[in-house]
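As provided, input.csv (CSV, C-alpha atoms) reads as follows.
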```
chain,number,residue,atom,x,y,z
O,1,ILE,CA,-25.1,159.9,79.4
O,2,VAL,CA,-22.8,158.6,82.2
O,3,ASP,CA,-24.3,157.1,85.3
O,4,ARG,CA,-22.4,158.5,88.3
O,5,SER,CA,-24.6,157.0,90.9
O,6,GLU,CA,-22.1,154.3,91.9
O,7,SER,CA,-19.3,156.9,92.3
O,8,HIS,CA,-21.6,159.1,94.4
O,9,ARG,CA,-22.6,156.2,96.5
O,10,LEU,CA,-18.9,155.3,97.1
O,11,ALA,CA,-18.1,158.9,97.9
O,12,GLU,CA,-20.9,159.0,100.5
O,13,GLN,CA,-19.7,155.7,102.0
O,14,LEU,CA,-16.2,157.0,102.3
O,15,GLN,CA,-17.4,160.3,103.9
O,16,ALA,CA,-19.5,158.3,106.4
O,17,SER,CA,-16.6,156.1,107.2
O,18,GLU,CA,-14.3,159.1,107.7
O,19,GLN,CA,-16.9,160.7,110.0
O,20,ARG,CA,-17.1,157.5,112.1
O,21,TYR,CA,-13.3,157.4,112.4
O,22,ARG,CA,-13.1,161.1,113.4
O,23,SER,CA,-15.7,160.6,116.1
O,24,VAL,CA,-13.7,157.6,117.5
O,25,VAL,CA,-10.6,159.8,117.7
O,26,GLU,CA,-12.4,162.8,119.2
O,27,ASP,CA,-14.1,160.7,121.8
O,28,GLN,CA,-10.9,159.4,123.3
O,29,THR,CA,-9.6,160.5,126.6
O,30,GLU,CA,-6.0,160.5,125.4
O,31,ALA,CA,-4.1,163.2,123.6
O,32,ILE,CA,-3.7,162.1,120.0
O,33,SER,CA,-1.5,163.7,117.5
O,34,ARG,CA,0.1,162.8,114.1
O,35,TYR,CA,3.3,164.2,112.9
O,36,LEU,CA,5.7,164.0,109.9
O,37,PRO,CA,9.2,162.5,110.1
O,38,ASP,CA,10.7,166.0,110.8
O,39,GLY,CA,8.3,166.4,113.8
O,40,THR,CA,5.8,168.7,112.2
O,41,ILE,CA,2.4,168.1,113.6
O,42,VAL,CA,-0.3,167.5,111.1
O,43,PHE,CA,-3.2,166.6,113.4
O,44,VAL,CA,-4.3,166.9,117.0
O,45,ASN,CA,-7.5,165.9,118.7
O,46,GLU,CA,-9.5,168.1,121.1
O,47,VAL,CA,-8.1,166.4,124.2
O,48,TYR,CA,-4.5,167.3,123.0
O,49,CYS,CA,-5.6,171.0,122.6
O,50,ARG,CA,-7.3,171.0,126.0
O,51,ILE,CA,-4.3,169.4,127.8
O,52,PHE,CA,-1.9,171.9,126.4
O,53,GLY,CA,-4.2,174.9,126.4
O,54,LEU,CA,-3.7,175.6,122.7
O,55,ALA,CA,-6.0,175.8,119.7
O,56,ALA,CA,-5.4,173.3,116.9
O,57,GLU,CA,-4.4,176.1,114.6
O,58,ALA,CA,-1.6,177.1,117.0
O,59,ILE,CA,-0.3,173.5,117.1
O,60,VAL,CA,-0.7,172.1,113.6
O,61,GLY,CA,2.3,173.1,111.4
O,62,LYS,CA,4.6,173.4,114.5
O,63,ARG,CA,6.9,170.7,115.8
O,64,TRP,CA,6.1,168.4,118.7
O,65,HIS,CA,9.0,170.0,120.6
O,66,LEU,CA,6.5,172.8,121.5
O,67,VAL,CA,5.2,170.9,124.5
O,68,ALA,CA,8.0,168.6,125.5
O,69,HIS,CA,10.3,169.6,128.4
O,70,PRO,CA,13.6,170.8,126.8
O,71,ASP,CA,15.7,168.4,128.9
O,72,ASP,CA,13.7,165.4,127.6
O,73,GLN,CA,13.9,166.3,123.9
O,74,PRO,CA,17.2,164.6,123.1
O,75,MET,CA,15.9,161.3,124.7
O,76,ILE,CA,12.6,161.6,122.8
O,77,THR,CA,14.4,162.2,119.5
O,78,ALA,CA,16.6,159.2,120.1
O,79,ARG,CA,13.7,156.9,121.0
O,80,LEU,CA,11.7,158.1,118.0
O,81,ALA,CA,14.6,157.2,115.8
O,82,GLU,CA,14.1,153.6,116.9
O,83,ILE,CA,10.8,153.4,115.0
O,84,SER,CA,11.2,151.1,112.0
O,85,PRO,CA,9.0,148.8,109.9
O,86,ALA,CA,10.3,146.0,112.1
O,87,LYS,CA,9.6,147.9,115.3
O,88,PRO,CA,6.8,150.4,114.4
O,89,VAL,CA,5.8,151.2,118.0
O,90,VAL,CA,7.9,153.0,120.7
O,91,THR,CA,6.6,154.0,124.1
O,92,ILE,CA,8.1,157.1,125.7
O,93,GLU,CA,7.6,158.6,129.1
O,94,ASN,CA,8.5,162.3,129.3
O,95,ARG,CA,7.7,165.6,130.9
O,96,VAL,CA,5.5,168.2,129.3
O,97,ARG,CA,4.3,171.7,130.1
O,98,VAL,CA,0.5,171.7,130.1
O,99,ALA,CA,-2.0,174.5,130.1
O,100,GLY,CA,-1.2,176.9,132.9
O,101,GLY,CA,2.5,176.0,132.8
O,102,GLU,CA,2.4,173.0,135.1
O,103,LEU,CA,4.9,170.3,134.6
O,104,ARG,CA,3.3,166.8,134.1
O,105,TRP,CA,4.5,163.3,133.1
O,106,MET,CA,3.0,161.7,130.1
O,107,GLN,CA,3.4,158.3,128.4
O,108,PHE,CA,3.2,158.4,124.6
O,109,VAL,CA,2.7,155.4,122.5
O,110,ASN,CA,4.2,156.3,119.1
O,111,ARG,CA,3.3,154.3,116.0
O,112,GLY,CA,5.1,154.8,112.7
O,113,PHE,CA,3.4,154.4,109.3
O,114,PHE,CA,5.6,153.5,106.4
O,115,ASP,CA,5.4,153.4,102.6
O,116,ALA,CA,6.0,150.2,100.6
O,117,ASP,CA,9.8,151.0,100.5
O,118,GLY,CA,9.9,151.2,104.3
O,119,HIS,CA,10.2,155.0,104.5
O,120,LEU,CA,8.5,156.6,107.5
O,121,LEU,CA,5.6,158.7,106.3
O,122,GLU,CA,4.0,159.7,109.6
O,123,THR,CA,3.9,158.9,113.3
O,124,GLN,CA,0.8,158.7,115.4
O,125,SER,CA,1.2,159.5,119.1
O,126,VAL,CA,-1.3,158.7,121.8
O,127,GLY,CA,-0.5,160.2,125.2
O,128,ARG,CA,-1.9,159.8,128.7
O,129,ASP,CA,-1.0,161.6,131.9
O,130,ILE,CA,1.0,159.4,134.2
O,131,THR,CA,2.0,162.1,136.8
O,132,THR,CA,0.3,160.3,139.6
O,133,LEU,CA,2.0,157.0,138.8
O,134,LYS,CA,5.4,158.8,138.6
O,135,GLN,CA,4.8,160.5,142.0
O,136,ALA,CA,3.9,157.1,143.6
O,137,GLU,CA,7.0,155.5,142.1
O,138,SER,CA,9.1,158.3,143.5
O,139,ALA,CA,7.5,158.1,147.0
O,140,LEU,CA,8.1,154.3,147.0
O,141,LYS,CA,11.7,154.8,146.1
O,142,ASP,CA,12.2,157.4,148.8
O,143,SER,CA,10.4,155.1,151.3
O,144,ARG,CA,12.7,152.2,150.4
O,145,ALA,CA,15.8,154.4,150.7
O,146,THR,CA,14.6,155.6,154.2
O,147,LEU,CA,14.0,152.0,155.3
O,148,GLU,CA,17.5,150.9,154.1
O,149,ARG,CA,19.2,153.8,155.9
O,150,ALA,CA,17.3,153.0,159.1
O,151,GLN,CA,18.2,149.3,158.9
O,152,ALA,CA,21.8,150.1,158.2
O,153,VAL,CA,22.0,152.5,161.2
O,154,ALA,CA,20.2,150.2,163.6
O,155,ARG,CA,21.8,147.1,162.2
O,156,ILE,CA,18.3,145.6,161.7
O,157,GLY,CA,17.6,143.2,158.9
O,158,SER,CA,14.4,142.2,157.2
O,159,PHE,CA,13.3,139.5,154.9
O,160,ALA,CA,10.2,138.8,152.8
O,161,THR,CA,8.8,135.7,151.2
O,162,GLY,CA,6.4,135.5,148.3
O,163,SER,CA,2.9,134.0,148.8
O,164,ASP,CA,4.1,131.0,146.9
O,165,SER,CA,7.1,130.5,149.3
O,166,GLU,CA,9.3,130.2,146.2
O,167,ARG,CA,10.5,133.8,146.3
O,168,PHE,CA,12.7,135.1,149.2
O,169,SER,CA,14.5,138.4,149.6
O,170,CYS,CA,16.4,139.9,152.5
O,171,SER,CA,18.2,143.1,153.3
O,172,PRO,CA,22.0,143.3,153.3
O,173,GLU,CA,22.0,143.3,157.1
O,174,THR,CA,20.1,140.0,157.2
O,175,ALA,CA,22.3,138.5,154.5
O,176,ARG,CA,25.4,139.1,156.7
O,177,LEU,CA,23.9,136.9,159.5
```
Please lay out the structure from this file as structure tokens.
Amino acid sequence: IVDRSESHRLAEQLQASEQRYRSVVEDQTEAISRYLPDGTIVFVNEVYCRIFGLAAEAIVGKRWHLVAHPDDQPMITARLAEISPAKPVVTIENRVRVAGGELRWMQFVNRGFFDADGHLLETQSVGRDITTLKQAESALKDSRATLERAQAVARIGSFATGSDSERFSCSPETARL
């Protein structure tokens, strides 16, 4: 007679631990995926499916290229190639097509997992929508360009000091004075 109660207890603990892990992943508000070195997706959470309007079965087994904007794919591939045991995390901002075909900006934090010999086994990607931030950055850039054009035409300069009075900046027109 072999007592298997200890192995059953350990199996139950492992199953409970896995269940807790899965609930943490599924409760996130970010899109989470895991993919192999060739880009083949092996896991996506429900948020990922909802953002891209696809069922997990339609995503798992496909490559991450499925959702990335084609113009951004070479940059993404190059940045992912930077992942190494010494630098396991790479953050990438790129455009994606979401459910309904809308183009959005997302920031993905990609973490590589390596074997004992340093070979990449899998990458975990956690993405969040940063479209509003990108739109604000673009509006600020446009506003600055408009101000600079107006100052150049009117030959009006401007300057700014930091609250600590240590920092000072001025427009090119002011600098010429």
Residues of stretch 3-64 of chain O that have any atom at most 7 Å from an atom of stretch 92-105 of chain O: could you tabulate them with the shortest-distance atom pair and the distance in Å to one decimal, using only C-alpha atoms, ordered by chain and increasing number, as a Markdown table?
```
| residue | atom | partner | partner_atom | distance |
| --- | --- | --- | --- | --- |
| O:Ile51 | CA | O:Val98 | CA | 5.8 |
| O:Phe52 | CA | O:Val98 | CA | 4.4 |
| O:Gly53 | CA | O:Ala99 | CA | 4.3 |
```
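Across the structure, atom CA of O:Asp115 and atom CA of O:Val47 are spaced 28.6 Å apart.
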May I ask for the distance between atom CA of O:Ile76 and atom CA of O:Ala139, given in Å to one decimal place?
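Distance between the two atoms: 25.0 Å.
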Please provide the set of residues having any atom within 7 Å of O:Pro85, restricted to all atoms listed in the file, with same-chain residues fewer than 3 positions apart removed, written as a PyMOL selection string.
chain O and resi 88+114+118
Coordinates-based distance that separates atom CA of O:Ala154 from atom CA of O:Cys170 (Å, one decimal):
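Pair atom CA of O:Cys170 / atom CA of O:Ala154 returns 15.6 Å.
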Check the smallest atom-to-atom distance from each of O:Pro37, O:Gln151, O:Ser17, O:His69 to O:Glu122 using all atoms listed in the file, then report the winner.
O:Pro37
